[in-house]
Structure formats: structure tokens, C-alpha cells
$ cat entry.txt   # compact mmCIF, C-alpha atoms
# COMPACT_ATOMS: atom_id res chain seq x y z
CA MET P 21 146.56 46.59 179.92
CA PHE P 22 144.28 48.00 177.23
CA ASN P 23 142.83 44.53 176.62
CA ASN P 24 142.12 44.09 180.30
CA GLN P 25 140.08 47.32 180.30
CA LEU P 26 137.96 46.11 177.34
CA GLN P 27 137.28 42.80 179.06
CA ASN P 28 136.17 44.56 182.23
CA GLN P 29 133.81 46.84 180.23
CA SER P 30 132.33 43.84 178.40
CA GLN P 31 131.68 42.05 181.60
CA SER P 32 130.01 45.17 183.02
CA VAL P 33 127.63 45.30 180.06
CA LYS P 34 126.77 41.67 180.44
CA LYS P 35 125.88 42.30 184.03
CA HIS P 36 123.25 44.88 182.90
CA LYS P 37 121.73 42.71 180.13
CA ILE P 38 118.06 41.99 180.70
CA ASP P 39 117.25 38.34 180.44
CA LEU P 40 113.58 37.80 179.20
CA PRO P 41 111.64 34.64 178.75
CA PRO P 42 111.31 33.41 175.14
CA LYS P 43 107.62 34.40 174.92
CA LYS P 44 108.28 37.92 176.06
CA GLN P 45 111.22 38.19 173.71
CA LEU P 46 108.93 37.37 170.81
CA ILE P 47 106.42 39.97 171.86
CA PHE P 48 109.19 42.53 172.23
CA SER P 49 110.53 41.73 168.77
CA ILE P 50 107.07 42.16 167.24
CA ILE P 51 106.65 45.52 168.94
CA CYS P 52 110.02 46.67 167.66
CA PHE P 53 109.11 45.55 164.14
CA VAL P 54 105.79 47.38 164.22
CA VAL P 55 107.44 50.55 165.51
CA ALA P 56 110.16 50.34 162.87
CA PHE P 57 107.58 49.69 160.15
CA SER P 58 105.48 52.67 161.25
CA ILE P 59 108.50 54.89 161.29
CA GLY P 60 109.44 53.68 157.79
CA ILE P 61 105.95 54.40 156.43
CA GLY P 62 106.03 57.92 157.94
CA ILE P 63 109.37 58.63 156.40
CA SER P 64 108.13 57.38 153.01
CA ARG P 65 105.09 59.65 153.14
CA ILE P 66 107.28 62.62 153.94
CA ILE P 67 109.51 61.81 150.94
CA VAL P 68 106.50 61.38 148.67
CA ALA P 69 105.04 64.66 149.90
CA VAL P 70 108.29 66.47 149.25
CA ASN P 71 108.58 64.96 145.77
CA GLY P 72 104.98 65.79 145.05
CA ASN P 73 105.46 69.45 145.93
CA GLY P 74 108.47 69.60 143.62
CA GLU P 75 106.48 68.18 140.72
CA ASN P 76 103.61 70.59 141.39
CA THR P 77 106.03 73.51 141.45
CA GLU P 78 107.51 72.41 138.14
CA ASN P 79 104.03 71.97 136.64
CA ILE P 80 103.01 75.44 137.84
CA ALA P 81 106.16 76.96 136.34
CA LYS P 82 105.49 75.16 133.04
CA SER P 83 101.87 76.39 133.07
CA GLU P 84 102.90 80.01 133.65
CA THR P 85 105.50 79.76 130.87
CA ALA P 86 102.89 78.37 128.50
CA GLU P 87 100.49 81.21 129.31
CA ASN P 88 103.14 83.88 128.60
CA THR P 89 104.34 82.25 125.36
CA PRO P 90 102.24 83.03 122.22
CA GLU P 91 100.64 79.99 120.77
CA LYS P 92 102.42 78.93 117.62
CA VAL P 93 100.01 78.96 114.71
CA GLU P 94 100.69 76.42 112.08
CA GLU P 95 101.10 78.27 108.78
CA GLY P 96 98.70 76.83 106.30
CA PRO P 97 97.71 77.92 102.74
CA GLU P 98 95.19 80.51 103.99
CA ASN P 99 97.70 82.23 106.25
CA GLN P 100 100.35 82.16 103.51
CA GLU P 101 97.93 83.74 101.01
CA LYS P 102 97.05 86.51 103.44
CA THR P 103 100.71 87.26 104.07
CA ASP P 104 101.48 87.50 100.34
CA ALA P 105 98.55 89.86 99.83
CA GLU P 106 99.73 92.08 102.66
CA LEU P 107 103.26 92.14 101.28
CA GLU P 108 101.99 93.04 97.83
CA GLU P 109 99.85 95.85 99.23
CA GLU P 110 102.78 97.17 101.26
CA LEU P 111 105.06 97.09 98.20
CA SER P 112 102.46 98.89 96.10
CA LYS P 113 102.11 101.59 98.75
CA LYS P 114 105.87 102.10 98.88
CA GLU P 115 106.05 102.46 95.08
CA GLU P 116 103.23 105.01 95.17
CA ASP P 117 104.99 106.97 97.92
CA LEU P 118 108.20 106.98 95.87
CA LYS P 119 106.36 108.32 92.83
CA LYS P 120 104.78 111.09 94.90
CA ALA P 121 108.14 111.99 96.42
CA LYS P 122 109.73 112.10 92.97
CA ALA P 123 106.93 114.29 91.63
CA GLU P 124 107.31 116.69 94.56
CA GLU P 125 111.06 116.86 93.99
CA GLU P 126 110.55 117.65 90.31
CA LYS P 127 108.18 120.45 91.24
CA LYS P 128 110.85 121.97 93.45
CA THR P 129 113.59 121.77 90.80
CA THR P 130 111.43 122.74 87.78
CA PRO P 131 109.29 125.81 88.53
CA ALA P 132 106.09 125.97 86.52
CA PRO P 133 105.02 129.21 84.80
CA ALA P 134 102.54 131.20 86.87
CA SER P 135 99.90 131.38 84.14
CA GLY P 136 100.17 127.79 82.97
CA ASN P 137 101.75 128.51 79.57
CA CYS P 138 104.91 126.40 79.61
CA THR P 139 106.63 128.62 77.01
CA GLU P 140 106.79 131.57 79.40
CA SER P 141 110.12 130.15 80.56
CA PHE P 142 111.46 130.44 76.99
CA GLY P 143 112.10 134.19 77.35
CA ASN P 144 112.27 135.87 73.92
CA LEU P 145 111.19 132.58 72.32
CA MET P 146 107.94 132.29 74.25
CA LEU P 147 104.95 131.21 72.19
CA ILE P 148 101.44 132.63 72.40
CA ASN P 149 98.79 131.43 69.96
CA PRO P 150 95.32 129.84 70.12
CA VAL P 151 96.91 126.68 71.61
CA PHE P 152 99.61 128.11 73.91
CA THR P 153 97.55 130.72 75.71
CA VAL P 154 98.18 133.08 78.64
CA THR P 155 95.97 134.48 81.37
CA THR P 156 95.00 138.09 82.00
CA ASN P 157 97.38 138.03 84.99
CA PHE P 158 100.29 137.39 82.63
CA VAL P 159 99.14 140.18 80.32
CA SER P 160 98.90 142.64 83.23
CA GLN P 161 102.34 141.69 84.52
CA ARG P 162 103.90 141.98 81.07
CA GLU P 163 102.28 145.39 80.52
CA SER P 164 104.01 146.71 83.63
CA GLN P 165 107.42 145.83 82.13
CA LEU P 166 107.08 147.81 78.88
CA ILE P 167 108.61 151.10 77.80
CA ASP P 168 107.15 153.83 75.59
CA LEU P 169 108.71 153.66 72.10
CA THR P 170 107.76 157.22 71.21
CA ALA P 171 109.10 158.75 74.40
CA THR P 172 112.27 156.65 74.38
CA TYR P 173 113.21 156.47 70.69
CA GLY P 174 110.81 158.75 68.85
CA ILE P 175 109.13 155.80 67.08
CA ARG P 176 105.59 156.85 66.21
CA GLU P 177 102.33 154.96 66.00
CA ASN P 178 100.69 155.28 62.57
CA LYS P 179 97.17 154.70 63.85
CA SER P 180 96.36 157.06 66.71
CA THR P 181 93.47 154.95 68.02
CA ASN P 182 95.97 152.20 68.91
CA GLY P 183 97.52 154.42 71.57
CA THR P 184 101.21 154.64 72.48
CA PRO P 185 103.47 151.90 71.01
CA ARG P 186 105.16 149.90 73.80
CA MET P 187 107.63 147.01 73.97
CA LEU P 188 110.00 145.28 76.37
CA PRO P 189 113.24 147.28 76.70
CA GLU P 190 115.54 144.78 74.95
CA ALA P 191 113.24 144.37 71.95
CA ALA P 192 112.64 148.14 71.79
CA GLY P 193 116.35 148.88 71.50
CA HIS P 194 116.79 146.40 68.65
CA LEU P 195 113.66 147.74 66.93
CA ASN P 196 115.11 151.24 67.01
CA ASP P 197 118.35 149.98 65.43
CA MET P 198 116.40 148.17 62.71
CA LEU P 199 114.19 151.14 61.80
CA ASN P 200 117.22 153.43 61.64
CA ALA P 201 118.91 150.95 59.28
CA TYR P 202 115.79 150.91 57.10
CA LYS P 203 115.67 154.72 57.07
CA ALA P 204 119.27 154.88 55.83
CA TYR P 205 118.60 152.20 53.20
CA ALA P 206 115.42 153.91 51.92
CA LYS P 207 117.13 157.29 51.74
CA GLN P 208 119.99 155.82 49.77
CA THR P 209 117.82 153.88 47.30
CA THR P 210 114.99 156.40 46.78
CA GLY P 211 116.63 159.70 47.58
CA HIS P 212 113.74 160.54 49.88
CA ASP P 213 113.31 160.51 53.65
CA HIS P 214 111.45 157.50 55.02
CA GLU P 215 110.20 156.74 58.49
CA MET P 216 108.86 153.30 59.25
CA GLN P 217 106.15 153.47 61.90
CA THR P 218 104.24 151.03 64.07
CA ARG P 219 100.67 149.92 63.53
CA SER P 220 100.08 148.36 66.97
CA CYS P 221 102.65 146.75 69.24
CA PHE P 222 101.64 145.48 72.69
CA ARG P 223 97.94 144.75 73.15
CA SER P 224 96.29 144.12 76.48
CA ARG P 225 93.18 142.69 74.82
CA GLY P 226 92.40 140.53 71.85
CA THR P 227 90.23 141.55 68.94
CA SER P 228 87.23 139.96 67.29
CA CYS P 229 87.55 140.58 63.61
CA GLY P 230 87.69 137.14 62.02
CA ARG P 231 90.70 135.25 60.75
CA LEU P 232 93.33 137.97 61.19
CA CYS P 233 92.53 138.54 64.87
CA PHE P 234 92.84 136.58 68.09
CA ALA P 235 90.92 136.55 71.36
CA THR P 236 92.47 137.83 74.59
CA GLY P 237 95.13 135.41 75.81
CA THR P 238 95.90 134.02 72.34
CA THR P 239 97.67 136.81 70.47
CA ASP P 240 101.39 137.28 69.87
CA HIS P 241 100.88 140.97 70.67
CA HIS P 242 100.68 140.04 74.38
CA THR P 243 104.39 139.19 74.39
CA GLY P 244 105.67 142.76 74.36
CA LEU P 245 108.09 141.56 71.67
CA THR P 246 105.94 142.29 68.62
CA CYS P 247 105.00 145.23 66.39
CA ASP P 248 103.13 145.58 63.12
CA LEU P 249 105.27 147.85 60.89
CA ILE P 250 104.53 150.06 57.91
CA ASP P 251 106.08 152.89 55.89
CA PRO P 252 103.25 155.40 55.24
CA VAL P 253 104.98 156.47 52.01
CA TYR P 254 103.68 153.22 50.47
CA GLY P 255 100.24 153.30 52.05
CA THR P 256 98.60 152.74 55.43
CA GLU P 257 96.51 149.64 54.75
CA LEU P 258 97.58 146.28 56.15
CA ASN P 259 96.79 143.91 53.31
CA THR P 260 98.82 140.90 52.15
CA ASP P 261 97.72 141.53 48.56
CA LEU P 262 99.72 144.78 48.67
CA TYR P 263 103.01 143.07 49.51
CA ALA P 264 104.58 143.82 46.12
CA ASN P 265 103.80 147.51 46.56
CA HIS P 266 105.44 147.75 49.99
CA PRO P 267 109.27 147.65 49.73
CA GLU P 268 109.55 148.08 53.52
CA TRP P 269 108.02 144.63 54.07
CA GLN P 270 110.37 143.09 51.52
CA TRP P 271 113.33 144.74 53.24
CA LEU P 272 112.17 143.47 56.64
CA LYS P 273 111.81 139.92 55.32
CA ALA P 274 115.40 140.01 54.04
CA ASN P 275 117.12 141.93 56.85
CA SER P 276 115.17 141.81 60.11
CA TYR P 277 117.02 138.73 61.45
CA LYS P 278 120.21 140.85 61.71
CA TYR P 279 118.46 142.79 64.46
CA GLY P 280 116.82 139.79 66.16
CA PHE P 281 113.40 140.04 64.45
CA ILE P 282 111.55 137.47 62.32
CA ASP P 283 108.58 137.44 59.98
CA ARG P 284 106.20 135.93 62.52
CA PHE P 285 103.57 134.73 60.03
CA PRO P 286 105.26 133.95 56.68
CA GLU P 287 103.08 132.94 53.76
CA GLU P 288 104.72 129.54 53.40
CA TRP P 289 103.54 128.60 56.90
CA ALA P 290 99.95 129.87 56.68
CA GLY P 291 98.85 126.28 56.24
CA SER P 292 95.59 126.87 54.40
CA SER P 293 93.42 129.39 52.61
CA MET P 294 92.96 132.69 54.44
CA SER P 295 89.24 132.05 54.39
CA GLU P 296 89.70 129.15 56.83
CA PRO P 297 89.76 129.60 60.66
CA VAL P 298 93.17 129.85 62.31
CA ASN P 299 94.51 126.33 62.67
CA ILE P 300 97.75 125.39 64.48
CA THR P 301 99.06 122.05 63.20
CA GLU P 302 101.80 119.63 64.28
CA ASP P 303 103.90 120.37 61.20
CA GLY P 304 104.44 123.95 62.39
CA SER P 305 101.77 125.79 60.42
CA THR P 306 100.73 129.05 62.07
CA GLY P 307 97.34 129.35 60.40
CA LEU P 308 98.09 132.97 59.51
CA PHE P 309 99.77 135.10 56.84
CA GLU P 310 100.81 138.68 57.69
CA THR P 311 103.57 140.51 55.84
CA TRP P 312 103.81 143.33 58.41
CA HIS P 313 103.98 141.41 61.71
CA TYR P 314 107.54 141.27 63.12
CA ARG P 315 108.57 139.56 66.32
CA TYR P 316 111.76 139.84 68.36
CA VAL P 317 113.38 136.49 69.28
CA GLY P 318 117.06 137.48 69.59
CA ILE P 319 119.73 137.60 66.89
CA ASP P 320 120.90 133.96 67.15
CA ALA P 321 117.43 132.41 66.95
CA ALA P 322 116.30 134.88 64.29
CA THR P 323 119.30 133.96 62.14
CA GLU P 324 118.54 130.23 62.44
CA ILE P 325 114.87 130.82 61.59
CA ALA P 326 115.50 133.15 58.61
CA THR P 327 118.21 130.92 57.13
CA GLY P 328 116.20 127.74 57.68
CA LYS P 329 118.71 125.87 59.81
CA TYR P 330 115.97 123.43 60.87
CA ASN P 331 113.85 123.77 57.70
CA ASN P 332 116.10 122.67 54.83
CA GLY P 333 117.30 126.22 54.20
CA ALA P 334 113.81 127.74 53.84
CA TYR P 335 112.31 130.43 56.07
CA ASP P 336 110.98 128.76 59.23
CA SER P 337 107.98 129.40 61.45
CA LEU P 338 108.43 130.01 65.17
CA GLU P 339 106.19 127.02 65.91
CA HIS P 340 108.20 124.63 63.75
CA TYR P 341 111.48 126.02 65.08
CA LEU P 342 110.49 125.44 68.71
CA LYS P 343 109.48 121.86 67.95
CA ALA P 344 112.56 121.15 65.79
CA THR P 345 114.89 122.40 68.53
CA GLY P 346 113.24 120.16 71.14
CA ARG P 347 111.57 122.84 73.22
CA ILE P 348 108.04 121.69 72.42
CA ASN P 349 106.97 118.10 71.90
CA SER P 350 103.48 118.71 70.53
CA LEU P 351 102.26 121.95 68.93
CA THR P 352 98.60 120.99 69.35
CA SER P 353 98.68 119.92 73.00
CA GLY P 354 99.63 123.25 74.59
CA LYS P 355 102.42 121.46 76.51
CA CYS P 356 106.18 121.59 76.29
CA ILE P 357 108.63 118.69 76.71
$ encode --input "entry.txt" --output "C-alpha cells"
Amino acid sequence: MFNNQLQNQSQSVKKHKIDLPPKKQLIFSIICFVVAFSIGIGISRIIVAVNGNGENTENIAKSETAENTPEKVEEGPENQEKTDAELEEELSKKEEDLKKAKAEEEKKTTPAPASGNCTESFGNLMLINPVFTVTTNFVSQRESQLIDLTATYGIRENKSTNGTPRMLPEAAGHLNDMLNAYKAYAKQTTGHDHEMQTRSCFRSRGTSCGRLCFATGTTDHHTGLTCDLIDPVYGTELNTDLYANHPEWQWLKANSYKYGFIDRFPEEWAGSSMSEPVNITEDGSTGLFETWHYRYVGIDAATEIATGKYNNGAYDSLEHYLKATGRINSLTSGKCI
């Protein structure tokens, strides 16, 4: 039955088929070909147009990417040399910054003396001489710390024009003990009363009197730890030639260290003739010889100086002692370690 339906449909189609003459069929075929060809060309152009737009879009994207990407510079010898120079400069700057930072840190951890004399931090061992000097500000500050020896201990000044004898409290107490010990010794050996007196202790100014004197800022008398001493029973003149006639100076040389005092300017460390100017040398010479000048440094240091611990058993100078114990590197530079 199904086949019969197909046959009927086929016959119906055949009935509607247009029969054309051969010439017209040819013309019709040509027209169909032209139409098909035109349609094909149109479709091709559309495809080409679409493809062209895609390529343009890709080219535009590539162009924008190229504009936003830094141009790679080929690294040649000149560029390499410039880079090395910049690195070297940067490294040098960092090293300089490190040095500055280290210096600043050292300043914080190691306070410098206010007046510039590095030995101020040495306490009783501080050094003042023509090389290691102090300012008037230091002298004024030190003066405000002193006590009156006469009012406190009854120690008298032998030369009234020198004013009241004054010292730092610690040194003053040890001085009183030492002078009392001398008084007892002198009484026992001579049978007479003796009273050792001062002949100038602290000085706020220097003096201009030649070799035996120092300008302001250069004298040991600024320390508040020093006194010139004399027993008026044996005379009142300060003269090294009279040493043999002054038993008090001999006693001081032999016993003062027990009370923390030293012979500040021993003869063996004068360094040269007394007619020469004061000259501080690297070997520890003081440039001065005074048999009456005694300086407080503390009992331990005084014992080491008097017994020559750092001077082959011979009496030492304060300058040599400070260098031998590593506190001062150069005695002629004015600088410590």
C-alpha cells in the first residue's frame, strides 16, 4: 500500500514538470549558473571581510601590547660599564653610611669630657700639663667642688697671699691623715712639735714665672688633688737645692704613697736641665723637678707608682704610669687611647 502511495505522488510530480525546448533549457541553465556564481562570489567576499576584520583586530591588539611593553635595550659594553659604576657608587655610599652610624653609636656609648681633656674621665688619675690641658669652664666647675682645709681640718696655708687652701673632699681627708702621721713622726724623732703646712693647693689661674710655673689650663694645681707642702721649722723657701735640709720632703717621698699621694715631679723624671723650658716627652718625662709638690691619686695607684711596678722598681712619673698602664697612647698628642 505504501508503495502505491509513492507511485501516485511521483506521477503527480511528473504531471507538474515544465517541459521546455532545448534552446530555452540552455538559457535557463546559464541563468542559474550566473546566479549561483554571483551568490558564491558574495559569500566569498563576506568570508574575506570577516577574516580581514579578525586579522586587523589581532594586529591592533599586538600594536597596543607593543606600546605598553618597554622596549628591550640590548646591553652593550657602555651600558654594562655604567651599571658597574653605579653599583660601585652605591656600595661606597653604604660603607660611608655604616661608618657614620658606627661613629654615632660610639659617641653614645663613650661620653667625651666636656672640656676636651680625655683624662678628665680618669678621676683621681687625671692628667693636666702643657699637653693635656683644660678649659676655664673645667677650672670653674672643679673650684665649686672643693672644701676649705683650714675650716675642715685646721690645715693652715704658710703663705697668706695664696688665700685659703682648698682640695676635693676625698683628697683632703687623706691629706689630713698624712700630715697627722708626719706630726707624730717628727715629734717622736726630734722631740719638738711640728706642723706641716700648705704652700698653695688649688689654683684657679696659672702663673708666669718661668720654668717652675704653668699657664692657666696647664697646671696640676687645677685638679683640686694637689698641694705644695712645707714644714716652716726647716724654712719657708721652695727650692730643690734645699732638699737635704728639709726632712719633711724626705719623709713625704718615702711615706706619702701610704695615704694615696705621690711625688708629682721627681728629679729622675725632670728630663733635662732646669734651665730648659718644660718639655713633656713620650718616655714619661715631666719636664719639672719639685720636691714639695704632692698629688693625690689614690692608695693603690700611689703604691704602684712609688714602688715602680711599671718602672723596674724605681719611682715612676704619673705620665709614664698612665702610658704604661694603657690609659694614654701618646704623651705628646694630648689624646688618650
$ closest_residue --input "entry.txt" --among "P:Thr172, P:Thr306, P:Thr260, P:Thr352" --to "P:Leu195" --atoms "only C-alpha atoms"
P:Thr172
$ atom_distance --input "entry.txt" --atom1 "atom CA of P:Asp248" --atom2 "atom CA of P:Arg347"
26.3 Å
$ closest_atom_pairs --input "entry.txt" --of "stretch 130-197 of chain P" --to "stretch 314-336 of chain P" --cutoff "12 Å" --atoms "only C-alpha atoms" --output "Markdown table"
| residue | atom | partner | partner_atom | distance |
| --- | --- | --- | --- | --- |
| P:Phe142 | CA | P:Val317 | CA | 10.0 |
| P:Gly143 | CA | P:Val317 | CA | 8.5 |
| P:Asn144 | CA | P:Val317 | CA | 4.8 |
| P:Leu145 | CA | P:Val317 | CA | 5.4 |
| P:Met146 | CA | P:Val317 | CA | 8.5 |
| P:Leu147 | CA | P:Val317 | CA | 10.4 |
| P:Ile148 | CA | P:Arg315 | CA | 11.7 |
| P:Met187 | CA | P:Tyr316 | CA | 10.0 |
| P:Leu188 | CA | P:Tyr316 | CA | 9.8 |
| P:Pro189 | CA | P:Tyr316 | CA | 11.3 |
| P:Glu190 | CA | P:Tyr316 | CA | 9.1 |
| P:Ala191 | CA | P:Tyr316 | CA | 6.0 |
| P:Ala192 | CA | P:Tyr316 | CA | 9.0 |
| P:Gly193 | CA | P:Tyr316 | CA | 10.6 |
| P:His194 | CA | P:Tyr316 | CA | 8.3 |
| P:Leu195 | CA | P:Tyr316 | CA | 8.3 |
| P:Asn196 | CA | P:Tyr316 | CA | 12.0 |
$ write_last_selection --input "entry.txt" --atoms "C-alpha atoms" --output "PDB file, in the frame of the given file"
ATOM      1  CA  PHE P 142     111.460 130.440  76.990  1.00  0.00           C
ATOM      2  CA  GLY P 143     112.100 134.190  77.350  1.00  0.00           C
ATOM      3  CA  ASN P 144     112.270 135.870  73.920  1.00  0.00           C
ATOM      4  CA  LEU P 145     111.190 132.580  72.320  1.00  0.00           C
ATOM      5  CA  MET P 146     107.940 132.290  74.250  1.00  0.00           C
ATOM      6  CA  LEU P 147     104.950 131.210  72.190  1.00  0.00           C
ATOM      7  CA  ILE P 148     101.440 132.630  72.400  1.00  0.00           C
ATOM      8  CA  MET P 187     107.630 147.010  73.970  1.00  0.00           C
ATOM      9  CA  LEU P 188     110.000 145.280  76.370  1.00  0.00           C
ATOM     10  CA  PRO P 189     113.240 147.280  76.700  1.00  0.00           C
ATOM     11  CA  GLU P 190     115.540 144.780  74.950  1.00  0.00           C
ATOM     12  CA  ALA P 191     113.240 144.370  71.950  1.00  0.00           C
ATOM     13  CA  ALA P 192     112.640 148.140  71.790  1.00  0.00           C
ATOM     14  CA  GLY P 193     116.350 148.880  71.500  1.00  0.00           C
ATOM     15  CA  HIS P 194     116.790 146.400  68.650  1.00  0.00           C
ATOM     16  CA  LEU P 195     113.660 147.740  66.930  1.00  0.00           C
ATOM     17  CA  ASN P 196     115.110 151.240  67.010  1.00  0.00           C
TER      18      ASN P 196
END
$ atom_distance --input "entry.txt" --atom1 "atom CA of P:Leu351" --atom2 "atom CA of P:Ile300"
7.2 Å
$ closest_residue --input "entry.txt" --among "P:Thr181, P:Asn200, P:Gly211, P:Ile357" --to "P:Thr345" --atoms "all atoms listed in the file"
P:Ile357
$ closest_residue --input "entry.txt" --among "P:Phe222, P:Trp312, P:Trp289, P:Phe281" --to "P:His266" --atoms "all atoms listed in the file"
P:Trp312
$ closest_residue --input "entry.txt" --among "P:Ala344, P:Cys356, P:Leu308, P:Leu118" --to "P:Phe234" --atoms "all atoms listed in the file"
P:Leu308
$ residues_around --input "entry.txt" --residues "stretch 160-163 of chain P" --least-positions-apart "2" --cutoff "9 Å" --atoms "all atoms listed in the file" --output "VMD selection string"
chain P and resid 155 to 158 165 to 167 186 to 188 222 to 224 242 to 244
$ atom_distance --input "entry.txt" --atom1 "atom CA of P:His241" --atom2 "atom CA of P:Val253"
24.6 Å
$ closest_residue --input "entry.txt" --among "P:Tyr263, P:Tyr202, P:Tyr254, P:Tyr341" --to "P:Glu302" --atoms "all atoms listed in the file"
P:Tyr341
$ closest_residue --input "entry.txt" --among "P:Thr246, P:Thr209, P:Asp117, P:Asp197" --to "P:Lys278" --atoms "all atoms listed in the file"
P:Asp197
$ residues_near_point --input "entry.txt" --point "(99.7, 121.1, 71.1)" --cutoff "12 Å" --atoms "all atoms listed in the file" --output "PDB file with C-alpha atoms, in the frame of the given file"
ATOM      1  CA  ASN P 137     101.750 128.510  79.570  1.00  0.00           C
ATOM      2  CA  CYS P 138     104.910 126.400  79.610  1.00  0.00           C
ATOM      3  CA  THR P 139     106.630 128.620  77.010  1.00  0.00           C
ATOM      4  CA  LEU P 147     104.950 131.210  72.190  1.00  0.00           C
ATOM      5  CA  ILE P 148     101.440 132.630  72.400  1.00  0.00           C
ATOM      6  CA  ASN P 149      98.790 131.430  69.960  1.00  0.00           C
ATOM      7  CA  PRO P 150      95.320 129.840  70.120  1.00  0.00           C
ATOM      8  CA  VAL P 151      96.910 126.680  71.610  1.00  0.00           C
ATOM      9  CA  PHE P 152      99.610 128.110  73.910  1.00  0.00           C
ATOM     10  CA  THR P 153      97.550 130.720  75.710  1.00  0.00           C
ATOM     11  CA  ASN P 299      94.510 126.330  62.670  1.00  0.00           C
ATOM     12  CA  ILE P 300      97.750 125.390  64.480  1.00  0.00           C
ATOM     13  CA  THR P 301      99.060 122.050  63.200  1.00  0.00           C
ATOM     14  CA  GLU P 302     101.800 119.630  64.280  1.00  0.00           C
ATOM     15  CA  ASP P 303     103.900 120.370  61.200  1.00  0.00           C
ATOM     16  CA  GLY P 304     104.440 123.950  62.390  1.00  0.00           C
ATOM     17  CA  SER P 305     101.770 125.790  60.420  1.00  0.00           C
ATOM     18  CA  GLU P 339     106.190 127.020  65.910  1.00  0.00           C
ATOM     19  CA  HIS P 340     108.200 124.630  63.750  1.00  0.00           C
ATOM     20  CA  LEU P 342     110.490 125.440  68.710  1.00  0.00           C
ATOM     21  CA  LYS P 343     109.480 121.860  67.950  1.00  0.00           C
ATOM     22  CA  ILE P 348     108.040 121.690  72.420  1.00  0.00           C
ATOM     23  CA  ASN P 349     106.970 118.100  71.900  1.00  0.00           C
ATOM     24  CA  SER P 350     103.480 118.710  70.530  1.00  0.00           C
ATOM     25  CA  LEU P 351     102.260 121.950  68.930  1.00  0.00           C
ATOM     26  CA  THR P 352      98.600 120.990  69.350  1.00  0.00           C
ATOM     27  CA  SER P 353      98.680 119.920  73.000  1.00  0.00           C
ATOM     28  CA  GLY P 354      99.630 123.250  74.590  1.00  0.00           C
ATOM     29  CA  LYS P 355     102.420 121.460  76.510  1.00  0.00           C
ATOM     30  CA  CYS P 356     106.180 121.590  76.290  1.00  0.00           C
ATOM     31  CA  ILE P 357     108.630 118.690  76.710  1.00  0.00           C
TER      32      ILE P 357
END
$ residues_near_point --input "entry.txt" --point "(110.4, 148.6, 55.7)" --cutoff "10 Å" --atoms "all atoms listed in the file" --output "PyMOL selection string"
chain P and resi 198-199+201-203+205-206+214-217+249-252+254+266-273+275-276+312
